[in-house]
$ cat query-v2.txt   # compact mmCIF, C-alpha atoms and all ligand atoms
# COMPACT_ATOMS: atom_id res chain seq x y z
CA MET J 1 -283.50 52.00 -59.93
CA ASP J 2 -286.47 50.31 -61.59
CA LYS J 3 -286.07 47.93 -64.51
CA VAL J 4 -287.10 50.51 -67.11
CA GLY J 5 -284.37 52.83 -65.88
CA ILE J 6 -281.73 50.12 -66.09
CA ASN J 7 -282.78 49.05 -69.57
CA THR J 8 -282.93 52.59 -70.86
CA ASN J 9 -279.48 53.33 -69.49
CA PHE J 10 -278.04 50.25 -71.05
CA VAL J 11 -279.54 51.02 -74.43
CA THR J 12 -278.21 54.58 -74.29
CA ILE J 13 -274.74 53.49 -73.26
CA SER J 14 -274.52 50.68 -75.79
CA LYS J 15 -275.65 52.93 -78.61
CA MET J 16 -272.98 55.45 -77.70
CA LEU J 17 -270.21 52.92 -77.20
CA ILE J 18 -270.74 50.08 -79.61
CA VAL J 19 -269.09 46.96 -78.24
CA MET J 20 -265.72 46.51 -79.94
CA GLU J 21 -265.82 44.63 -83.19
CA LYS J 22 -264.53 41.18 -84.05
CA LEU J 23 -261.54 39.98 -82.09
CA GLU J 24 -258.17 39.57 -83.70
CA THR J 25 -256.62 36.15 -83.19
CA TYR J 26 -253.06 35.68 -81.98
CA SER J 27 -251.25 32.56 -83.16
CA ASP J 28 -248.63 30.97 -80.93
CA LEU J 29 -246.02 32.08 -83.47
CA ARG J 30 -247.11 35.70 -83.25
CA ILE J 31 -247.19 35.55 -79.46
CA THR J 32 -243.72 34.00 -79.41
CA GLU J 33 -242.46 36.93 -81.49
CA MET J 34 -244.15 39.50 -79.27
CA ILE J 35 -242.60 37.98 -76.14
CA HIS J 36 -239.22 37.75 -77.83
CA GLU J 37 -239.35 41.40 -78.95
CA ARG J 38 -239.75 42.50 -75.33
CA GLY J 39 -236.59 40.66 -74.40
CA LEU J 40 -238.31 37.80 -72.59
CA ARG J 41 -237.71 34.12 -73.13
CA PRO J 42 -240.80 32.70 -74.85
CA SER J 43 -241.33 29.73 -72.54
CA VAL J 44 -244.23 27.34 -73.10
CA GLN J 45 -245.97 28.68 -69.97
CA ARG J 46 -245.64 32.33 -71.00
CA ILE J 47 -246.97 31.57 -74.47
CA ALA J 48 -249.91 29.64 -73.01
CA VAL J 49 -250.80 32.39 -70.52
CA MET J 50 -250.51 35.15 -73.11
CA SER J 51 -252.50 33.18 -75.69
CA PHE J 52 -255.31 32.60 -73.19
CA VAL J 53 -255.55 36.30 -72.30
CA ALA J 54 -255.10 37.57 -75.87
CA ASN J 55 -257.44 35.20 -77.66
CA LEU J 56 -260.33 34.84 -75.24
CA ARG J 57 -260.42 38.51 -74.22
CA LYS J 58 -262.56 37.60 -71.20
CA HIS J 59 -260.41 39.49 -68.72
CA PRO J 60 -259.73 36.42 -66.55
CA THR J 61 -258.41 36.35 -62.99
CA ALA J 62 -255.14 34.49 -62.28
CA ASP J 63 -257.18 31.61 -60.84
CA GLU J 64 -259.27 31.35 -63.99
CA ILE J 65 -256.12 31.24 -66.10
CA PHE J 66 -254.67 28.57 -63.84
CA GLY J 67 -257.90 26.54 -63.93
CA ALA J 68 -258.11 26.60 -67.70
CA LEU J 69 -254.43 25.91 -68.38
CA SER J 70 -253.99 23.16 -65.81
CA GLU J 71 -256.47 21.08 -67.80
CA LYS J 72 -254.20 21.37 -70.81
CA PHE J 73 -250.90 21.18 -68.93
CA PRO J 74 -251.51 19.06 -65.78
CA SER J 75 -247.95 19.61 -64.53
CA LEU J 76 -248.32 23.42 -64.36
CA SER J 77 -248.18 24.87 -60.87
CA ARG J 78 -250.05 27.93 -59.65
CA THR J 79 -246.71 29.59 -58.93
CA THR J 80 -245.58 29.14 -62.53
CA ILE J 81 -248.77 30.81 -63.76
CA TYR J 82 -248.32 33.74 -61.37
CA ASN J 83 -244.66 34.12 -62.34
CA SER J 84 -245.49 34.04 -66.05
CA LEU J 85 -248.24 36.62 -65.55
CA HIS J 86 -245.93 38.96 -63.65
CA ALA J 87 -243.21 38.66 -66.28
CA LEU J 88 -245.74 39.48 -69.04
CA VAL J 89 -247.15 42.42 -67.07
CA ASP J 90 -243.64 43.79 -66.44
CA ALA J 91 -242.86 43.46 -70.14
CA GLY J 92 -245.96 45.49 -71.02
CA LEU J 93 -247.69 42.65 -72.88
CA ILE J 94 -250.48 42.08 -70.40
CA ARG J 95 -252.11 44.65 -68.21
CA GLU J 96 -253.77 44.37 -64.84
CA LEU J 97 -257.26 45.66 -64.32
CA GLU J 98 -258.53 46.19 -60.84
CA ILE J 99 -262.25 46.55 -61.40
CA GLU J 100 -263.34 45.02 -58.11
CA SER J 101 -260.99 45.70 -55.23
CA GLY J 102 -258.70 42.81 -54.43
CA ASN J 103 -259.63 40.93 -57.59
CA ARG J 104 -257.15 41.53 -60.38
CA ARG J 105 -258.07 40.70 -63.93
CA TYR J 106 -255.84 40.53 -66.95
CA ASP J 107 -256.15 42.00 -70.43
CA LEU J 108 -253.95 42.15 -73.49
CA ALA J 109 -251.89 45.36 -73.21
CA PRO J 110 -251.02 46.26 -76.83
CA GLN J 111 -254.52 47.14 -78.06
CA PRO J 112 -256.32 50.40 -78.70
CA PRO J 113 -257.53 52.22 -75.58
CA HIS J 114 -260.93 50.93 -74.58
CA SER J 115 -263.26 51.01 -71.63
CA HIS J 116 -264.91 48.07 -69.87
CA PHE J 117 -268.47 47.20 -69.05
CA VAL J 118 -269.00 45.01 -65.99
CA CYS J 119 -272.29 43.16 -65.56
CA LYS J 120 -273.17 43.30 -61.87
CA GLU J 121 -275.38 40.22 -62.23
CA CYS J 122 -273.19 37.64 -64.06
CA GLY J 123 -269.83 39.37 -63.62
CA LYS J 124 -269.06 39.33 -67.35
CA ILE J 125 -266.61 42.02 -68.51
CA VAL J 126 -266.76 43.21 -72.10
CA ASP J 127 -264.71 45.72 -74.04
CA MET J 128 -266.32 48.96 -75.12
CA LYS J 129 -265.05 52.00 -76.91
CA MET J 130 -263.71 54.85 -74.85
CA PRO J 131 -266.29 57.56 -74.20
CA PRO J 132 -265.76 60.32 -76.76
CA GLN J 133 -265.29 63.17 -74.32
CA LEU J 134 -262.40 62.26 -72.08
CA PRO J 135 -260.13 65.16 -71.18
CA ASP J 136 -257.01 64.82 -73.31
CA SER J 137 -254.75 66.85 -71.08
CA ALA J 138 -254.15 66.78 -67.36
CA THR J 139 -253.73 69.62 -64.91
CA PRO J 140 -250.37 71.24 -65.75
CA GLY J 141 -247.50 69.40 -64.11
CA TYR J 142 -249.32 66.04 -64.02
CA ARG J 143 -248.52 63.35 -66.56
CA ILE J 144 -251.20 60.74 -67.23
CA ASP J 145 -249.84 57.26 -67.96
CA SER J 146 -253.08 55.34 -68.12
CA VAL J 147 -256.82 55.91 -68.03
CA ASP J 148 -259.28 53.30 -66.82
CA VAL J 149 -262.98 53.73 -67.51
CA TYR J 150 -265.52 51.20 -66.24
CA PHE J 151 -269.26 51.07 -66.69
CA LYS J 152 -271.36 48.90 -64.42
CA GLY J 153 -274.86 47.65 -65.08
CA LEU J 154 -276.60 44.70 -66.66
CA CYS J 155 -275.58 42.90 -69.84
CA PRO J 156 -278.39 42.34 -72.40
CA GLU J 157 -278.93 38.73 -71.26
CA CYS J 158 -279.19 39.63 -67.58
CA ALA J 159 -281.37 42.68 -68.35
CA ASP J 160 -283.78 40.39 -70.25
CA LYS J 161 -283.85 37.83 -67.42
CA LYS J 162 -284.53 40.57 -64.90
CA ALA J 163 -287.33 42.00 -67.03
CA ILE J 164 -288.98 38.55 -67.20
CA ILE J 165 -288.73 38.09 -63.42
CA ASP J 166 -290.01 41.61 -62.70
CA ASN J 167 -292.93 41.17 -65.08
CA SER J 168 -293.99 37.90 -63.46
CA LYS J 169 -294.19 39.50 -59.98
ZN ZN A 1 -274.85 39.62 -67.20
ZN ZN A 2 -260.42 44.84 -72.29

$ encode --input "query-v2.txt" --output "C-alpha cells"
Amino acid sequence: MDKVGINTNFVTISKMLIVMEKLETYSDLRITEMIHERGLRPSVQRIAVMSFVANLRKHPTADEIFGALSEKFPSLSRTTIYNSLHALVDAGLIRELEIESGNRRYDLAPQPPHSHFVCKECGKIVDMKMPPQLPDSATPGYRIDSVDVYFKGLCPECADKKAIIDNSK
C-alpha cells in the first residue's frame, strides 16, 4: 500500500471511530474498594498492578508492568506480579488482550466496550470506539461472551514520519 492509501485509511477510520475521550482516574482507595467487592484481598501488589493498568491505559505486557513497578517497589518479584495479574483477571477486574500471538497485554475490564488500534510501526495501542455495525446477535444456539475488534495501521505520528521519509526519497 502506498503512503497516500495508508493516510487516507487512517483518516477515514479515525473520523469514524473518534479515539475515546479523557481517561478517568482511579485512586488507590477506589481500586481497593473494587478489589474488595470482588472478594479479593486488596494487597499492596494487587493495588499497584491494577492502578498501573487502570490509570495509564497503555495496555502493557506483564513484563512492562513488572519493569515499571519494580522501580517503585524494588522487593517485588516477577512471580508476585504474575500472581497478582492472574488474580485480577480471574476476578474480572483486568482483561487479557491477545493482539499479537504469544504476547498478552492487559486492560481494565470494567469499562465500556471498545476496540483497539495497533500501530504497526511503534507498537502503540490506543482505545477506539466500537465500530457501529457489529452484529448484535449470534447464530442461534451460540452465546457470545466477548468481542474483540482490532485495527492495525499507523498512528498519526508514525504516518507523518513515514510521509516525510517517503517524500525525501
Ligand atoms: Zn506509531
Ligand atoms: Zn483498551

$ residues_around --input "query-v2.txt" --residues "Gly153 of chain J" --least-positions-apart "4" --cutoff "7 Å" --atoms "all atoms listed in the file" --output "PyMOL selection string"
chain J and resi 118-120

$ write_last_selection --input "query-v2.txt" --atoms "C-alpha atoms" --output "mmCIF file, in the coordinates of the input"
data_model
loop_
_atom_site.group_PDB
_atom_site.id
_atom_site.type_symbol
_atom_site.label_atom_id
_atom_site.label_comp_id
_atom_site.auth_asym_id
_atom_site.auth_seq_id
_atom_site.Cartn_x
_atom_site.Cartn_y
_atom_site.Cartn_z
ATOM 1 C CA VAL J 118 -269.000 45.010 -65.990
ATOM 2 C CA CYS J 119 -272.290 43.160 -65.560
ATOM 3 C CA LYS J 120 -273.170 43.300 -61.870
#

$ closest_residue --input "query-v2.txt" --among "J:Asp160, J:Asp166, J:Glu121, J:Glu71" --to "ligand ZN 1 (chain A)" --atoms "only C-alpha atoms and all ligand atoms"
J:Glu121

$ closest_residue --input "query-v2.txt" --among "J:Arg30, J:Lys162, J:His116, J:Lys129" --to "ligand ZN 2 (chain A)" --atoms "all atoms listed in the file"
J:His116

$ residues_near_ligand --input "query-v2.txt" --ligand "ligand ZN 1 (chain A)" --cutoff "7 Å" --atoms "only C-alpha atoms and all ligand atoms" --output "MDAnalysis selection string"
chainID J and resid 119:124 154:158

$ write_last_selection --input "query-v2.txt" --atoms "C-alpha atoms" --output "short mmCIF file (atom, residue, chain, number, x, y, z; two decimals), in the frame of the given file"
data_model
loop_
_atom_site.label_atom_id
_atom_site.label_comp_id
_atom_site.auth_asym_id
_atom_site.auth_seq_id
_atom_site.Cartn_x
_atom_site.Cartn_y
_atom_site.Cartn_z
CA CYS J 119 -272.29 43.16 -65.56
CA LYS J 120 -273.17 43.30 -61.87
CA GLU J 121 -275.38 40.22 -62.23
CA CYS J 122 -273.19 37.64 -64.06
CA GLY J 123 -269.83 39.37 -63.62
CA LYS J 124 -269.06 39.33 -67.35
CA LEU J 154 -276.60 44.70 -66.66
CA CYS J 155 -275.58 42.90 -69.84
CA PRO J 156 -278.39 42.34 -72.40
CA GLU J 157 -278.93 38.73 -71.26
CA CYS J 158 -279.19 39.63 -67.58
#

$ closest_residue --input "query-v2.txt" --among "J:Thr79, J:Leu69, J:Ile144, J:Ile47" --to "Glu33 of chain J" --atoms "only C-alpha atoms"
J:Ile47

$ residues_near_ligand --input "query-v2.txt" --ligand "ligand ZN 2 (chain A)" --cutoff "12 Å" --atoms "all atoms listed in the file" --output "PyMOL selection string"
chain J and resi 19-20+23+53-60+94-99+105-118+124-130+148-150

$ write_last_selection --input "query-v2.txt" --atoms "C-alpha atoms" --output "PDB file, in the frame of the given file"
ATOM      1  CA  VAL J  19    -269.090  46.960 -78.240  1.00  0.00           C
ATOM      2  CA  MET J  20    -265.720  46.510 -79.940  1.00  0.00           C
ATOM      3  CA  LEU J  23    -261.540  39.980 -82.090  1.00  0.00           C
ATOM      4  CA  VAL J  53    -255.550  36.300 -72.300  1.00  0.00           C
ATOM      5  CA  ALA J  54    -255.100  37.570 -75.870  1.00  0.00           C
ATOM      6  CA  ASN J  55    -257.440  35.200 -77.660  1.00  0.00           C
ATOM      7  CA  LEU J  56    -260.330  34.840 -75.240  1.00  0.00           C
ATOM      8  CA  ARG J  57    -260.420  38.510 -74.220  1.00  0.00           C
ATOM      9  CA  LYS J  58    -262.560  37.600 -71.200  1.00  0.00           C
ATOM     10  CA  HIS J  59    -260.410  39.490 -68.720  1.00  0.00           C
ATOM     11  CA  PRO J  60    -259.730  36.420 -66.550  1.00  0.00           C
ATOM     12  CA  ILE J  94    -250.480  42.080 -70.400  1.00  0.00           C
ATOM     13  CA  ARG J  95    -252.110  44.650 -68.210  1.00  0.00           C
ATOM     14  CA  GLU J  96    -253.770  44.370 -64.840  1.00  0.00           C
ATOM     15  CA  LEU J  97    -257.260  45.660 -64.320  1.00  0.00           C
ATOM     16  CA  GLU J  98    -258.530  46.190 -60.840  1.00  0.00           C
ATOM     17  CA  ILE J  99    -262.250  46.550 -61.400  1.00  0.00           C
ATOM     18  CA  ARG J 105    -258.070  40.700 -63.930  1.00  0.00           C
ATOM     19  CA  TYR J 106    -255.840  40.530 -66.950  1.00  0.00           C
ATOM     20  CA  ASP J 107    -256.150  42.000 -70.430  1.00  0.00           C
ATOM     21  CA  LEU J 108    -253.950  42.150 -73.490  1.00  0.00           C
ATOM     22  CA  ALA J 109    -251.890  45.360 -73.210  1.00  0.00           C
ATOM     23  CA  PRO J 110    -251.020  46.260 -76.830  1.00  0.00           C
ATOM     24  CA  GLN J 111    -254.520  47.140 -78.060  1.00  0.00           C
ATOM     25  CA  PRO J 112    -256.320  50.400 -78.700  1.00  0.00           C
ATOM     26  CA  PRO J 113    -257.530  52.220 -75.580  1.00  0.00           C
ATOM     27  CA  HIS J 114    -260.930  50.930 -74.580  1.00  0.00           C
ATOM     28  CA  SER J 115    -263.260  51.010 -71.630  1.00  0.00           C
ATOM     29  CA  HIS J 116    -264.910  48.070 -69.870  1.00  0.00           C
ATOM     30  CA  PHE J 117    -268.470  47.200 -69.050  1.00  0.00           C
ATOM     31  CA  VAL J 118    -269.000  45.010 -65.990  1.00  0.00           C
ATOM     32  CA  LYS J 124    -269.060  39.330 -67.350  1.00  0.00           C
ATOM     33  CA  ILE J 125    -266.610  42.020 -68.510  1.00  0.00           C
ATOM     34  CA  VAL J 126    -266.760  43.210 -72.100  1.00  0.00           C
ATOM     35  CA  ASP J 127    -264.710  45.720 -74.040  1.00  0.00           C
ATOM     36  CA  MET J 128    -266.320  48.960 -75.120  1.00  0.00           C
ATOM     37  CA  LYS J 129    -265.050  52.000 -76.910  1.00  0.00           C
ATOM     38  CA  MET J 130    -263.710  54.850 -74.850  1.00  0.00           C
ATOM     39  CA  ASP J 148    -259.280  53.300 -66.820  1.00  0.00           C
ATOM     40  CA  VAL J 149    -262.980  53.730 -67.510  1.00  0.00           C
ATOM     41  CA  TYR J 150    -265.520  51.200 -66.240  1.00  0.00           C
TER      42      TYR J 150
END

$ residues_near_point --input "query-v2.txt" --point "(-251.0, 30.9, -61.0)" --cutoff "12 Å" --atoms "only C-alpha atoms" --output "list in words"
Gln45, Arg46, Val49, Pro60, Thr61, Ala62, Asp63, Glu64, Ile65, Phe66, Gly67, Ala68, Leu69, Ser70, Leu76, Ser77, Arg78, Thr79, Thr80, Ile81, Tyr82, Asn83, Ser84, Leu85 and His86 of chain J

$ atom_distance --input "query-v2.txt" --atom1 "atom CA of Ile31 of chain J" --atom2 "atom CA of Gly102 of chain J"
28.5 Å

$ atom_distance --input "query-v2.txt" --atom1 "atom CA of Arg38 of chain J" --atom2 "atom CA of Tyr142 of chain J"
27.8 Å

$ atom_distance --input "query-v2.txt" --atom1 "atom CA of Glu100 of chain J" --atom2 "atom CA of Lys152 of chain J"
10.9 Å

$ residues_around --input "query-v2.txt" --residues "Glu37 of chain J" --least-positions-apart "4" --cutoff "12 Å" --atoms "all atoms listed in the file" --output "ChimeraX atom specification"
/J:30-33,41-42,88,91-93

$ axis_aligned_box --input "query-v2.txt" --around "segment 154-160 of chain J" --padding-each-side "4 Å" --output "lines of an AutoDock Vina configuration file"
center_x = -279.7
center_y = 41.7
center_z = -69.5
size_x = 16.2
size_y = 14.0
size_z = 13.7
